[in-house]
Every structure is written in structure tokens, then in C-alpha cells.
>>> print(open('work.cif').read())   # mmCIF, C-alpha atoms
data_final
loop_
_atom_site.label_atom_id
_atom_site.label_comp_id
_atom_site.auth_asym_id
_atom_site.auth_seq_id
_atom_site.Cartn_x
_atom_site.Cartn_y
_atom_site.Cartn_z
CA MET A 178 0.00 0.00 0.00
CA THR A 179 1.16 3.50 -0.73
CA ALA A 180 2.14 5.71 2.17
CA GLY A 181 0.58 9.09 2.81
CA PRO A 182 -3.07 10.14 2.90
CA LYS A 183 -5.68 7.70 1.72
CA LEU A 184 -6.73 8.16 -1.86
CA VAL A 185 -10.09 6.48 -1.43
CA SER A 186 -12.33 5.91 1.54
CA ILE A 187 -14.96 3.18 1.65
CA LEU A 188 -17.41 3.76 4.49
CA ARG A 189 -20.31 1.70 5.65
CA GLN A 190 -23.59 3.59 6.09
CA GLY A 191 -26.46 1.33 7.05
CA PRO A 192 -27.19 -1.00 4.17
CA TYR A 193 -25.03 1.05 1.80
CA LEU A 194 -21.37 1.56 1.08
CA ILE A 195 -20.09 5.04 0.35
CA ALA A 196 -16.85 5.14 -1.60
CA SER A 197 -15.28 8.56 -1.99
CA ILE A 198 -12.42 9.09 -4.38
CA HIS A 199 -10.34 11.94 -3.00
CA THR A 200 -7.89 12.50 -5.82
CA ALA A 201 -7.14 11.43 -9.36
CA LEU A 202 -6.16 7.76 -9.40
CA ASP A 203 -3.79 6.08 -11.80
CA ASP A 204 -4.80 2.84 -13.51
CA GLY A 205 -3.28 0.57 -10.86
CA GLN A 206 -4.90 2.46 -8.01
CA MET A 207 -8.20 2.37 -9.85
CA VAL A 208 -8.06 -1.42 -10.20
CA ARG A 209 -7.13 -1.82 -6.54
CA PHE A 210 -10.05 0.44 -5.58
CA GLN A 211 -12.36 -1.78 -7.60
CA GLU A 212 -11.13 -4.93 -5.91
CA ASP A 213 -11.45 -3.39 -2.43
CA LEU A 214 -14.97 -2.19 -3.09
CA ILE A 215 -16.25 -5.48 -4.48
CA GLU A 216 -14.68 -7.31 -1.58
CA GLN A 217 -16.31 -4.96 0.94
CA ILE A 218 -19.76 -5.41 -0.61
CA GLY A 219 -19.63 -9.08 0.32
CA ARG A 220 -18.26 -8.45 3.78
CA CYS A 221 -20.83 -5.77 4.68
CA ARG A 222 -23.69 -7.45 2.79
CA SER A 223 -24.41 -4.06 1.21
CA ARG A 224 -27.46 -3.46 -0.94
CA GLY A 225 -26.31 -0.24 -2.50
CA VAL A 226 -23.05 1.48 -3.40
CA ILE A 227 -22.44 5.16 -3.88
CA ILE A 228 -19.25 6.20 -5.64
CA ASP A 229 -18.56 9.87 -5.00
CA VAL A 230 -16.31 11.48 -7.62
CA ALA A 231 -16.94 15.11 -6.61
CA ALA A 232 -13.25 15.68 -5.91
CA LEU A 233 -12.23 14.64 -9.41
CA ASP A 234 -11.70 17.31 -12.01
CA VAL A 235 -10.60 14.80 -14.63
CA LEU A 236 -11.87 11.35 -15.41
CA ASP A 237 -10.12 9.47 -18.22
CA SER A 238 -11.56 6.71 -20.35
CA PHE A 239 -9.98 3.98 -18.23
CA GLY A 240 -11.45 5.57 -15.12
CA SER A 241 -14.96 5.75 -16.48
CA ARG A 242 -14.74 2.22 -17.88
CA THR A 243 -13.58 0.94 -14.50
CA LEU A 244 -16.50 2.69 -12.81
CA ARG A 245 -18.85 1.04 -15.31
CA THR A 246 -17.43 -2.42 -14.78
CA THR A 247 -17.37 -1.88 -11.01
CA ALA A 248 -21.08 -1.13 -11.10
CA GLU A 249 -21.69 -4.24 -13.17
CA MET A 250 -19.69 -6.39 -10.72
CA ALA A 251 -21.50 -4.82 -7.77
CA ARG A 252 -24.84 -5.68 -9.36
CA LEU A 253 -23.75 -9.31 -9.63
CA ARG A 254 -22.90 -9.19 -5.92
CA GLY A 255 -26.38 -7.79 -5.18
CA ALA A 256 -25.77 -4.07 -4.83
CA VAL A 257 -27.04 -1.19 -6.92
CA THR A 258 -24.41 1.45 -7.80
CA VAL A 259 -24.96 5.18 -8.10
CA ILE A 260 -22.22 7.50 -9.25
CA VAL A 261 -22.57 10.93 -7.68
CA GLY A 262 -20.89 14.31 -7.85
CA ILE A 263 -19.71 14.41 -11.45
CA GLN A 264 -18.52 17.97 -12.03
CA PRO A 265 -19.97 19.98 -14.93
CA ASP A 266 -16.60 20.12 -16.69
CA VAL A 267 -16.06 16.41 -16.27
CA ALA A 268 -19.58 15.64 -17.50
CA PHE A 269 -19.05 17.76 -20.59
CA ALA A 270 -15.64 16.25 -21.30
CA MET A 271 -16.97 12.71 -20.89
CA VAL A 272 -19.82 13.37 -23.30
CA SER A 273 -17.59 15.08 -25.85
CA LEU A 274 -15.21 12.15 -25.81
CA GLY A 275 -18.09 9.71 -26.17
CA MET A 276 -17.62 7.97 -22.85
CA GLY A 277 -20.58 7.70 -20.55
CA THR A 278 -21.47 5.66 -17.54
CA GLY A 279 -23.62 3.28 -19.58
CA THR A 280 -26.65 2.08 -17.69
CA VAL A 281 -25.22 3.08 -14.32
CA GLU A 282 -27.41 5.50 -12.41
CA THR A 283 -25.99 8.96 -11.68
CA ALA A 284 -27.07 11.58 -9.16
CA LEU A 285 -26.11 15.14 -8.34
CA ASP A 286 -24.46 14.54 -4.98
CA LEU A 287 -24.27 12.17 -2.04
CA GLU A 288 -27.61 13.25 -0.64
CA GLU A 289 -29.37 12.64 -3.94
CA GLY A 290 -27.67 9.29 -4.32
CA LEU A 291 -28.85 8.15 -0.90
CA ALA A 292 -32.37 9.38 -1.67
CA TYR A 293 -32.35 7.40 -4.90
CA LEU A 294 -31.22 4.20 -3.16
CA ASP A 295 -33.92 4.72 -0.51
CA THR A 296 -36.65 4.99 -3.12
CA LEU A 297 -35.43 1.75 -4.66
CA ARG A 298 -35.61 0.01 -1.28
CA THR A 299 -39.15 1.19 -0.54
CA ARG A 300 -40.27 0.06 -3.98
CA SER A 301 -38.47 -3.28 -3.75
CA ALA A 302 -40.06 -6.62 -3.11
CA PRO A 303 -40.92 -7.67 0.50
CA ASP A 304 -38.02 -10.11 0.65
CA GLY A 305 -35.72 -7.06 0.62
CA ARG A 306 -34.19 -7.63 -2.76
CA VAL A 307 -33.22 -4.37 -4.47
CA ARG A 308 -34.21 -3.92 -8.05
CA GLY A 309 -31.42 -3.50 -10.57
CA PRO A 310 -31.07 -0.28 -12.53
CA ARG A 311 -33.57 0.09 -15.38
CA MET B 192 10.79 59.53 -59.59
CA THR B 193 10.19 62.77 -57.71
CA THR B 194 13.69 64.08 -58.16
CA ASP B 195 13.51 63.19 -61.84
CA GLN B 196 10.34 65.20 -62.29
CA ASN B 197 11.68 68.07 -60.25
CA SER B 198 14.68 68.47 -62.41
CA THR B 199 12.59 68.33 -65.59
CA SER B 200 10.00 70.83 -64.46
CA GLY B 201 12.69 73.08 -63.04
CA HIS B 202 14.49 73.01 -66.34
CA LEU B 203 11.42 73.66 -68.49
CA ALA B 204 9.96 76.47 -66.43
CA SER B 205 13.10 78.23 -65.32
CA GLY B 206 12.54 81.90 -64.83
CA THR B 207 9.09 81.85 -63.32
CA THR B 208 9.19 82.62 -59.59
CA LEU B 209 6.58 80.03 -58.62
CA ASP B 210 8.65 77.18 -59.95
CA GLN B 211 11.63 78.08 -57.85
CA ILE B 212 9.86 76.99 -54.71
CA GLN B 213 11.62 74.08 -53.06
CA ASP B 214 9.84 70.76 -52.71
CA ASP B 215 9.80 70.93 -48.93
CA GLN B 216 7.99 74.23 -49.07
CA LEU B 217 5.23 72.98 -51.35
CA LEU B 218 3.13 71.36 -48.66
CA PRO B 219 3.30 74.26 -46.16
CA GLN B 220 2.29 76.60 -48.94
CA LEU B 221 -0.58 74.34 -49.87
CA VAL B 222 -1.72 74.17 -46.26
CA ALA B 223 -1.56 77.95 -45.98
CA HIS B 224 -3.68 78.24 -49.11
CA LEU B 225 -6.30 75.84 -47.70
CA ARG B 226 -6.36 77.68 -44.38
CA GLU B 227 -6.77 81.01 -46.12
CA HIS B 228 -9.80 79.89 -48.14
CA ARG B 229 -11.21 77.74 -45.38
CA THR B 230 -14.71 79.22 -45.25
CA ARG B 231 -15.26 79.32 -48.99
CA LEU B 232 -13.96 75.78 -49.59
CA ARG B 233 -15.88 74.38 -46.67
CA GLN B 234 -19.11 75.86 -47.93
CA GLU B 235 -18.44 74.60 -51.41
CA TRP B 236 -17.85 71.15 -49.96
CA ALA B 237 -21.03 71.26 -47.87
CA GLY B 238 -22.91 72.28 -51.01
CA ARG B 239 -21.49 69.31 -52.90
CA ILE B 240 -22.52 66.97 -50.08
CA GLN B 241 -26.07 68.28 -50.22
CA GLU B 242 -26.14 68.00 -53.99
CA ALA B 243 -25.06 64.40 -53.79
CA GLY B 244 -27.85 63.78 -51.27
CA LEU B 245 -25.48 62.34 -48.65
CA LEU B 246 -25.86 62.56 -44.89
CA HIS B 247 -29.55 63.44 -44.71
CA ALA B 248 -29.53 61.90 -41.24
CA MET B 249 -27.93 65.11 -39.98
CA THR B 250 -29.36 68.57 -39.41
CA PRO B 251 -27.70 71.50 -41.27
CA GLN B 252 -26.22 72.80 -38.01
CA GLU B 253 -24.65 69.48 -37.16
CA MET B 254 -23.39 69.16 -40.67
CA ALA B 255 -21.77 72.62 -40.50
CA ALA B 256 -20.06 71.71 -37.23
CA GLU B 257 -18.87 68.31 -38.44
CA THR B 258 -17.69 69.53 -41.82
CA THR B 259 -15.66 72.25 -40.10
CA SER B 260 -13.93 69.74 -37.83
CA VAL B 261 -13.34 67.31 -40.67
CA TYR B 262 -11.89 70.10 -42.77
CA ASP B 263 -9.55 71.25 -40.00
CA ASN B 264 -8.46 67.70 -39.29
CA TYR B 265 -7.88 67.14 -42.97
CA VAL B 266 -5.65 70.19 -43.32
CA GLU B 267 -3.82 69.24 -40.17
CA VAL B 268 -2.97 65.82 -41.53
CA LEU B 269 -1.68 67.43 -44.73
CA GLU B 270 0.50 69.66 -42.59
CA THR B 271 1.89 67.18 -40.09
CA GLY B 272 1.64 63.96 -42.09
CA SER B 273 0.46 62.12 -38.96
CA VAL B 274 -2.92 60.43 -39.17
CA GLU B 275 -3.23 59.52 -35.51
CA ALA B 276 -5.31 62.53 -34.49
CA LEU B 277 -7.54 62.00 -37.51
CA GLN B 278 -7.91 58.34 -36.67
CA ARG B 279 -9.10 59.24 -33.20
CA TYR B 280 -11.46 61.85 -34.54
CA ALA B 281 -12.84 59.49 -37.20
CA ARG B 282 -13.48 56.78 -34.63
CA ASP B 283 -15.20 59.23 -32.35
CA LEU B 284 -17.28 60.58 -35.21
CA SER B 285 -18.22 57.07 -36.34
CA GLU B 286 -19.33 56.22 -32.83
CA ARG B 287 -21.70 59.18 -32.94
CA ILE B 288 -23.10 58.70 -36.43
CA ILE B 289 -23.36 54.91 -36.72
CA PRO B 290 -26.42 54.66 -34.45
CA ARG B 291 -28.12 57.20 -36.72
CA GLY B 292 -27.86 54.94 -39.72
CA VAL B 293 -25.03 56.57 -41.66
CA GLU B 294 -23.69 54.15 -44.24
CA THR B 295 -20.12 53.37 -45.30
CA HIS B 296 -20.66 54.71 -48.83
CA GLU B 297 -21.79 58.06 -47.41
CA VAL B 298 -18.72 58.49 -45.24
CA VAL B 299 -16.32 57.51 -48.02
CA GLY B 300 -18.25 59.67 -50.48
CA ILE B 301 -17.98 62.73 -48.24
CA VAL B 302 -14.23 62.39 -47.78
CA LEU B 303 -13.71 61.86 -51.50
CA LEU B 304 -15.82 64.96 -52.19
CA LEU B 305 -13.57 67.01 -49.94
CA ARG B 306 -10.53 65.63 -51.71
CA ASP B 307 -12.03 66.68 -55.06
CA VAL B 308 -13.05 70.14 -53.86
CA LEU B 309 -9.55 70.82 -52.55
CA ALA B 310 -7.93 69.44 -55.69
CA ARG B 311 -10.09 71.75 -57.81
CA SER B 312 -9.01 74.73 -55.77
CA LEU B 313 -5.40 73.72 -56.30
CA PHE B 314 -5.96 73.49 -60.05
CA GLU B 315 -7.35 76.98 -59.92
CA LYS B 316 -4.47 78.38 -57.89
CA TYR B 317 -1.68 76.81 -59.91
CA GLN B 318 -3.30 76.98 -63.33
CA GLY B 319 -0.42 79.18 -64.53
CA GLY B 320 2.30 76.57 -64.33
CA PHE B 321 1.62 73.01 -65.33
CA GLY B 322 4.93 71.75 -63.94
CA LEU B 323 4.36 73.26 -60.56
CA LEU B 324 0.76 71.97 -60.47
CA ASN B 325 2.12 68.51 -61.09
CA ARG B 326 4.53 68.84 -58.19
CA VAL B 327 1.81 70.17 -55.91
CA LEU B 328 -0.43 67.28 -56.81
CA ASP B 329 2.45 64.87 -56.23
CA ALA B 330 2.61 66.15 -52.70
CA TYR B 331 -1.13 66.41 -52.21
CA GLU B 332 -2.49 63.17 -53.65
CA PRO B 333 -0.72 60.56 -51.49
CA ALA B 334 -1.63 62.47 -48.35
CA ALA B 335 -5.24 62.90 -49.47
CA ASN B 336 -5.57 59.22 -50.35
CA ARG B 337 -4.10 58.26 -47.02
CA ILE B 338 -6.71 60.40 -45.30
CA ALA B 339 -9.57 58.85 -47.26
CA ASN B 340 -8.21 55.43 -46.44
CA THR B 341 -7.85 56.21 -42.75
CA VAL B 342 -11.37 57.57 -42.42
CA ALA B 343 -12.91 54.62 -44.25
CA VAL B 344 -10.95 52.08 -42.22
CA SER B 345 -11.79 53.80 -38.94
CA PHE B 346 -15.46 53.85 -39.83
CA VAL B 347 -15.55 50.18 -40.79
CA ASP B 348 -13.53 49.23 -37.69
CA GLU B 349 -15.98 51.06 -35.48
CA ARG B 350 -18.91 49.39 -37.18
CA GLU B 351 -17.36 45.98 -36.74
CA ARG B 352 -16.74 46.73 -33.09
CA VAL B 353 -20.41 47.64 -32.65
CA ILE B 354 -21.48 44.48 -34.46
CA ARG B 355 -19.21 42.30 -32.33
CA GLN B 356 -20.54 43.92 -29.18
CA GLN B 357 -24.11 43.28 -30.25
CA GLN B 358 -23.33 39.69 -31.16
CA ASP B 359 -21.87 39.14 -27.71
CA SER B 360 -24.89 40.57 -25.96
CA ILE B 361 -27.26 38.54 -28.15
CA ARG B 362 -25.31 35.42 -27.33
CA GLU B 363 -25.53 36.10 -23.61
CA LEU B 364 -29.18 37.01 -23.73
CA SER B 365 -30.17 34.04 -25.78
CA THR B 366 -29.34 31.26 -23.35
CA PRO B 367 -31.20 31.90 -20.14
CA VAL B 368 -31.56 29.00 -17.72
CA LEU B 369 -34.69 29.64 -15.68
CA PRO B 370 -35.79 27.91 -12.50
CA VAL B 371 -39.60 27.53 -12.57
CA ARG B 372 -40.11 25.30 -9.58
CA GLU B 373 -37.81 23.89 -6.97
CA ARG B 374 -35.51 21.45 -8.79
CA LEU B 375 -37.07 22.19 -12.18
CA LEU B 376 -35.28 24.32 -14.80
CA ILE B 377 -36.38 25.42 -18.22
CA LEU B 378 -33.98 26.32 -21.00
CA PRO B 379 -35.61 27.97 -24.00
CA ILE B 380 -33.24 27.94 -26.95
CA ILE B 381 -33.80 30.70 -29.50
CA GLY B 382 -31.80 31.11 -32.66
CA VAL B 383 -29.32 29.06 -34.62
CA LEU B 384 -27.50 26.43 -32.58
CA ASP B 385 -23.92 26.16 -33.82
CA SER B 386 -21.29 24.07 -32.09
CA GLU B 387 -19.77 27.03 -30.21
CA ARG B 388 -23.15 28.05 -28.85
CA ALA B 389 -24.11 24.47 -28.06
CA ARG B 390 -20.95 24.11 -26.00
CA GLN B 391 -21.62 27.33 -24.13
CA LEU B 392 -25.23 26.36 -23.57
CA THR B 393 -24.35 22.93 -22.19
CA GLU B 394 -21.82 24.51 -19.87
CA GLN B 395 -24.36 27.01 -18.56
CA LEU B 396 -26.96 24.31 -18.13
CA LEU B 397 -24.60 22.02 -16.20
CA THR B 398 -23.57 24.84 -13.89
CA ALA B 399 -27.21 25.76 -13.33
CA ILE B 400 -28.09 22.13 -12.58
CA ARG B 401 -25.52 22.18 -9.83
CA THR B 402 -26.44 25.55 -8.34
CA HIS B 403 -30.19 24.89 -8.41
CA ARG B 404 -29.84 21.18 -7.60
CA ALA B 405 -32.14 20.47 -10.50
CA LYS B 406 -33.61 17.04 -11.11
CA VAL B 407 -35.52 17.79 -14.28
CA VAL B 408 -34.68 20.18 -17.11
CA VAL B 409 -37.09 21.11 -19.89
CA VAL B 410 -35.26 22.23 -23.03
CA ASP B 411 -37.57 24.05 -25.41
CA ILE B 412 -36.38 24.25 -29.01
CA THR B 413 -39.41 26.01 -30.51
CA GLY B 414 -37.15 28.95 -31.38
CA VAL B 415 -34.51 26.91 -33.22
CA PRO B 416 -35.13 27.46 -36.93
CA ASP B 417 -33.27 24.46 -38.31
CA VAL B 418 -32.66 21.18 -36.63
CA ASP B 419 -30.20 19.08 -38.58
CA GLU B 420 -27.90 16.23 -37.65
CA ALA B 421 -25.33 18.51 -36.01
CA VAL B 422 -27.91 20.24 -33.85
CA ALA B 423 -29.48 16.91 -32.90
CA ASN B 424 -26.07 15.60 -31.85
CA HIS B 425 -25.51 18.70 -29.74
CA LEU B 426 -28.82 18.05 -28.03
CA VAL B 427 -27.95 14.40 -27.42
CA GLN B 428 -24.67 15.52 -25.82
CA THR B 429 -26.45 18.03 -23.63
CA VAL B 430 -28.92 15.36 -22.50
CA ASP B 431 -26.13 12.86 -21.75
CA ALA B 432 -24.07 15.39 -19.82
CA SER B 433 -27.10 16.43 -17.77
CA ARG B 434 -27.84 12.81 -17.01
CA LEU B 435 -24.30 12.41 -15.69
CA MET B 436 -25.12 15.22 -13.29
CA GLY B 437 -28.21 13.35 -12.17
CA ALA B 438 -30.82 15.41 -14.00
CA SER B 439 -33.24 14.13 -16.61
CA VAL B 440 -33.93 16.25 -19.66
CA ILE B 441 -37.19 16.65 -21.55
CA ILE B 442 -36.98 18.19 -25.00
CA THR B 443 -40.04 20.12 -26.13
CA GLY B 444 -41.10 22.18 -29.10
CA LEU B 445 -40.40 19.71 -31.89
CA SER B 446 -42.58 20.84 -34.76
CA PRO B 447 -43.98 18.28 -37.23
CA GLU B 448 -41.43 19.43 -39.83
CA ILE B 449 -38.52 18.98 -37.43
CA ALA B 450 -39.78 15.56 -36.38
CA GLN B 451 -39.99 14.57 -40.03
CA THR B 452 -36.49 15.88 -40.77
CA LEU B 453 -34.99 14.03 -37.83
CA VAL B 454 -36.61 10.76 -38.78
CA THR B 455 -35.63 11.19 -42.42
CA ILE B 456 -31.95 11.84 -41.68
CA GLY B 457 -32.00 9.01 -39.16
CA VAL B 458 -30.73 10.68 -36.00
CA ASP B 459 -30.90 8.35 -33.04
CA LEU B 460 -33.08 10.11 -30.51
CA SER B 461 -34.23 7.00 -28.70
CA LYS B 462 -32.40 8.08 -25.56
CA MET B 463 -34.22 11.38 -25.51
CA ASP B 464 -37.45 12.18 -23.80
CA THR B 465 -39.47 14.41 -26.12
CA ILE B 466 -42.84 16.05 -25.78
CA GLY B 467 -44.65 18.22 -28.32
CA ASP B 468 -44.94 21.55 -26.57
CA LEU B 469 -43.59 23.37 -23.54
CA GLN B 470 -46.87 22.98 -21.65
CA GLY B 471 -46.75 19.23 -22.01
CA GLY B 472 -43.10 19.21 -21.04
CA LEU B 473 -43.77 21.17 -17.86
CA GLU B 474 -46.67 18.86 -16.95
CA GLU B 475 -44.47 15.82 -17.43
CA ALA B 476 -41.67 17.41 -15.41
CA GLU B 477 -44.08 18.20 -12.58
CA ARG B 478 -45.28 14.62 -12.65
CA LEU B 479 -41.70 13.36 -12.41
CA LEU B 480 -41.03 15.63 -9.45
CA GLY B 481 -44.28 14.62 -7.75
CA TYR B 482 -46.08 17.92 -8.10
CA THR B 483 -49.82 17.89 -8.65
CA VAL B 484 -51.43 21.04 -9.90
CA THR B 485 -55.10 21.47 -9.07
CA ARG B 486 -57.49 24.25 -9.85
CA GLU B 487 -59.99 25.41 -7.26
CA ASN B 488 -63.63 25.05 -8.18
CA GLY B 489 -65.35 28.29 -8.98
CA MET B 490 -62.10 29.80 -10.29
CA ALA B 491 -62.72 28.18 -13.65
CA SER B 492 -61.71 29.52 -17.02
CA PRO B 493 -62.48 33.20 -17.76
#
>>> encode(input="work.cif", output="C-alpha cells")
Amino acid sequence: MTAGPKLVSILRQGPYLIASIHTALDDGQMVRFQEDLIEQIGRCRSRGVIIDVAALDVLDSFGSRTLRTTAEMARLRGAVTVIVGIQPDVAFAMVSLGMGTGTVETALDLEEGLAYLDTLRTRSAPDGRVRGPR
Amino acid sequence: MTTDQNSTSGHLASGTTLDQIQDDQLLPQLVAHLREHRTRLRQEWAGRIQEAGLLHAMTPQEMAAETTSVYDNYVEVLETGSVEALQRYARDLSERIIPRGVETHEVVGIVLLLRDVLARSLFEKYQGGFGLLNRVLDAYEPAANRIANTVAVSFVDERERVIRQQQDSIRELSTPVLPVRERLLILPIIGVLDSERARQLTEQLLTAIRTHRAKVVVVDITGVPDVDEAVANHLVQTVDASRLMGASVIITGLSPEIAQTLVTIGVDLSKMDTIGDLQGGLEEAERLLGYTVTRENGMASP
């Protein structure tokens, strides 16, 4: 593990996991973040994941692809993913370069993301299973 | 060239006093002549302007004042050879007369008229010696042409500046992002949507989404005259970028013609939520946000 301040924090919040990326990650760090997150979903039995990218002012194609695949993996492990806090500049750059988040849900900020996951839970079946996106 | 001519004319007309004037004294003499006959020449010029039907946007008093200043500036440039003062004056004058609808051809015409009036008076003064007249004109013409050029350029520059300024203000005015309800924005687009404007518009929208924490945005394109593939792609990008910020976009104001065009050219708008008019779009947006609008009984239609 690299020394110095943590680049990513993964916090447990009730049935959800909140992963905040604090700074731009290189490809290796991104992959490690993905592995950590997927592993944590199983350990915490999380039903929803929020990835907060508000601190990022750049997001390259590898980064957005990793976020997409992370969401897909999380879904297979039983958690819905919401990406929150994409900055206006980043959103515009992503769209101009033709990279999106695919079918992954996005929300304005952490609060909105939590609200979205809550609505999914109230609408979900009695056995507690969360509906997938779309 | 000049020295050549000087020697020839000097040789041919030796003996006459006028021809013995040195070259460097020609211009000061000319300027003195123009100063001396200032009133008469200015009036003649003003008469020519009226004859030609130029500048009817101005009152006679204004015209008298302006022609006097132009005349003085003109003579000054002939004297000093520096066009800077004239440039400043011409810009200032243009600033005053452009809003009143004075056209480029009028301004150029007026300056050329002055050039002709002064040239005629020179012909008259130096009619005795052809050689000397030639030398005087050699000194006069380049300066006069430079003046005409300067005035025309200053006028056009000023006009372009005004046009640019207006374009900027139109651009700013034409992309308002308006909050209509909490978390609901409308963005009416009016005018041609080129890629530069589309970029600016998307940027403004994204910023507004963040500041207003908007969940739904209604983009109304009733005022966009032509929707082609490029414009449609801009719209798709705007919708995608807004979605990344967590807001859904409803496009309204697609006329039957535009719908037909889009289908014919095969733009993929399947990802876009479209509704015929702004009213419908607002109703749908309110539904998405959970608003219900009811009308009290007894307050029915007028």
C-alpha cells in the first residue's frame, strides 16, 4: 500500500457503502479500488453502493470504464451502484469524448444518491431484494 | 521619380518665380492656401454633399459643425503627415453617427468629395504653371488618399466593433436557464444552434443544474429554426451530460417538420425524452417531481 493520505475511503452507512475518491487515481490504483470495493460489498452485505467522484476534475476513459465495470460487478454481488458528484466540466468532457457511464445511475451529490437508493428500497419486493437499474 | 520630375519641371519652367519653390515648401504653402480659403472651400464642400444627397440623417447645423472639424483635421494631416489625431477623430465621429444609420458609402463619399473640392481649388491656384501643379499634386495626392483610407478604415472598424458587441450581448441574452419550480429548470433555446453556442449552452446548463440542484430540465427548441444532424447531436450531448449530473432532460417544441427531418436523416433520438410543446413538457416534469397542480372550483376559465 502507498504511504501518505488515503486516496479512497470506503465507508459503511447502514445497508449502503459510500466510496469517496479523493484524488485522481492512476490505472493501478483504480483497479485496486475496484477490488477493495467489491470485496467490501460481500463483507458488509451491502445493498447499495455510492461512488462519489466530486473531488475529481478529470476522469479518463480507463477511469470511467472501471466505474462502469465496477457497477456491473457490484450488481452481480447484489448491490445497486450510483455514481454521484460528477462535475460539470467532467460531464461535458466525458460526453464530448463519447464515454458515458452506460446504464449506471448517476445523481447530483451524495444526498441525492442516498435518496435514490432509498426509493429503490421502498419500492423493492418484500423479501428485501433491491431492483437492478432500469 | 520625384527628383527626376523636379529636375525636368525646373528646367522647363526656369525663370518663373513660382517654380523656384523648393519641394519641402510645397506642402506648407498648400496648407496655408487651404487655411486662407477655409470658409469658402468648406461651404463649397457642404454644397457638394447636399447636392449628392449624402448625410440626410444630420441637421444642417450638425453638418456645418462636423464639416468644419473634418476640414480642419484634414488640413492638419496634410500639414503634419500624422494620421493619428484624424484616426481618433474618425473613430469618435463614427461612434456618434453609426447609431443614426449613416452608411459606409456616405462616409467615403464625403471624404472623397472634400478631396475633389480641394484638388479643384489647387488646379485653380496653380493653373499658370503646369509643372508646378504637377509637383503640388504629387505632394497632395498621397496624403489625401491616405486620409480617405484612414477615415474609411476607422469607420468600418468602429462598425465591426459595434457588431461584435451586439453579437456578444445577443449570445448572452439568448441562453437563459430559468428555475420555474424547486428542482425544475427550463432552458428555451432561441436562434441558430452552432457548435460554439451548443458548448456554451451545455456549460451554462450544467452549472445551473448544480447551483439549483435540479432534477428535471425542460429544453424548449421552438425557437430553433433548423434542426439538422449537427444540432441533434448537440442536443444528445447536452442530454447525456445532464444525465451524468443526475438530471433528466425533456426536449419540447419539436414541430412536425422537425420531427420529419430528424426521422428522415436518421438521428438516433431513442435516448431522448421528447414532448410536443412546452406545456406538455412542464406537466411531465411536474409529474416526475411529484407535483400535482389542481385548480380550485369556482375559479374556472375566464
>>> residues_around(input="work.cif", residues="segment 460-466 of chain B", least_positions_apart="4", cutoff="10 Å", atoms="only C-alpha atoms", output="PyMOL selection string")
chain B and resi 409-411+423-424+426-427+430-431+439-445+453-454+470-473+475
>>> interface_residues(input="work.cif", of="chain A", to="chain B", cutoff="8 Å", atoms="only C-alpha atoms", output="list in words")
Val261, Gly262, Ile263, Gln264, Pro265, Asp266, Ala268, Phe269, Met271, Val272, Ser273, Gly277, Thr278, Glu282, Thr283, Ala284 and Leu285 of chain A
>>> residues_around(input="work.cif", residues="segment 229-233 of chain A", least_positions_apart="3", cutoff="8 Å", atoms="all atoms listed in the file", output="MDAnalysis selection string")
chainID A and resid 195:201 236 260:264 286:287
>>> closest_residue(input="work.cif", among="A:Met250, A:Cys221, A:Ile215, A:Val226", to="Leu194 of chain A", atoms="all atoms listed in the file")
A:Val226
>>> residues_around(input="work.cif", residues="Leu376 of chain B", least_positions_apart="2", cutoff="8 Å", atoms="all atoms listed in the file", output="short mmCIF file (atom, residue, chain, number, x, y, z; two decimals) with C-alpha atoms, keeping the file's coordinate frame")
data_model
loop_
_atom_site.label_atom_id
_atom_site.label_comp_id
_atom_site.auth_asym_id
_atom_site.auth_seq_id
_atom_site.Cartn_x
_atom_site.Cartn_y
_atom_site.Cartn_z
CA VAL B 368 -31.56 29.00 -17.72
CA LEU B 369 -34.69 29.64 -15.68
CA PRO B 370 -35.79 27.91 -12.50
CA VAL B 371 -39.60 27.53 -12.57
CA ARG B 372 -40.11 25.30 -9.58
CA ARG B 374 -35.51 21.45 -8.79
CA LEU B 378 -33.98 26.32 -21.00
CA ILE B 400 -28.09 22.13 -12.58
CA ALA B 405 -32.14 20.47 -10.50
CA VAL B 407 -35.52 17.79 -14.28
CA VAL B 408 -34.68 20.18 -17.11
CA VAL B 409 -37.09 21.11 -19.89
#
>>> atom_distance(input="work.cif", atom1="atom CA of Asp215 of chain B", atom2="atom CA of Asp307 of chain B")
23.1 Å
>>> closest_residue(input="work.cif", among="A:Ala248, A:Leu253, A:Gly279, A:Ala270", to="Asp234 of chain A", atoms="only C-alpha atoms")
A:Ala270
>>> closest_residue(input="work.cif", among="A:Val281, A:Leu184, A:Leu297, A:Glu216", to="Glu249 of chain A", atoms="all atoms listed in the file")
A:Val281
>>> closest_residue(input="work.cif", among="A:Leu294, A:Met276, A:Leu202, A:Val267", to="Val235 of chain A", atoms="all atoms listed in the file")
A:Val267
>>> resolve_selection(input="work.cif", expression="the PyMOL selection byres ((chain B and resi 311) around 12)", output="number ranges by chain")
B: 225, 232, 235-236, 304-310, 312-318, 324, 328, 331
>>> resolve_selection(input="work.cif", expression="the PyMOL selection byres ((chain B and resi 380-383) around 9)", output="list in words")
Ser365, Thr366, Pro367, Leu378, Pro379, Leu384, Asp385, Arg388, Leu392, Val410, Asp411, Ile412, Thr413, Gly414, Val415, Pro416, Asp417, Val418 and Val422 of chain B
>>> resolve_selection(input="work.cif", expression="the PyMOL selection byres ((chain B and resi 343) around 10)", output="MDAnalysis selection string")
chainID B and resid 278 281:282 285 295:296 298:300 302 337:342 344:349
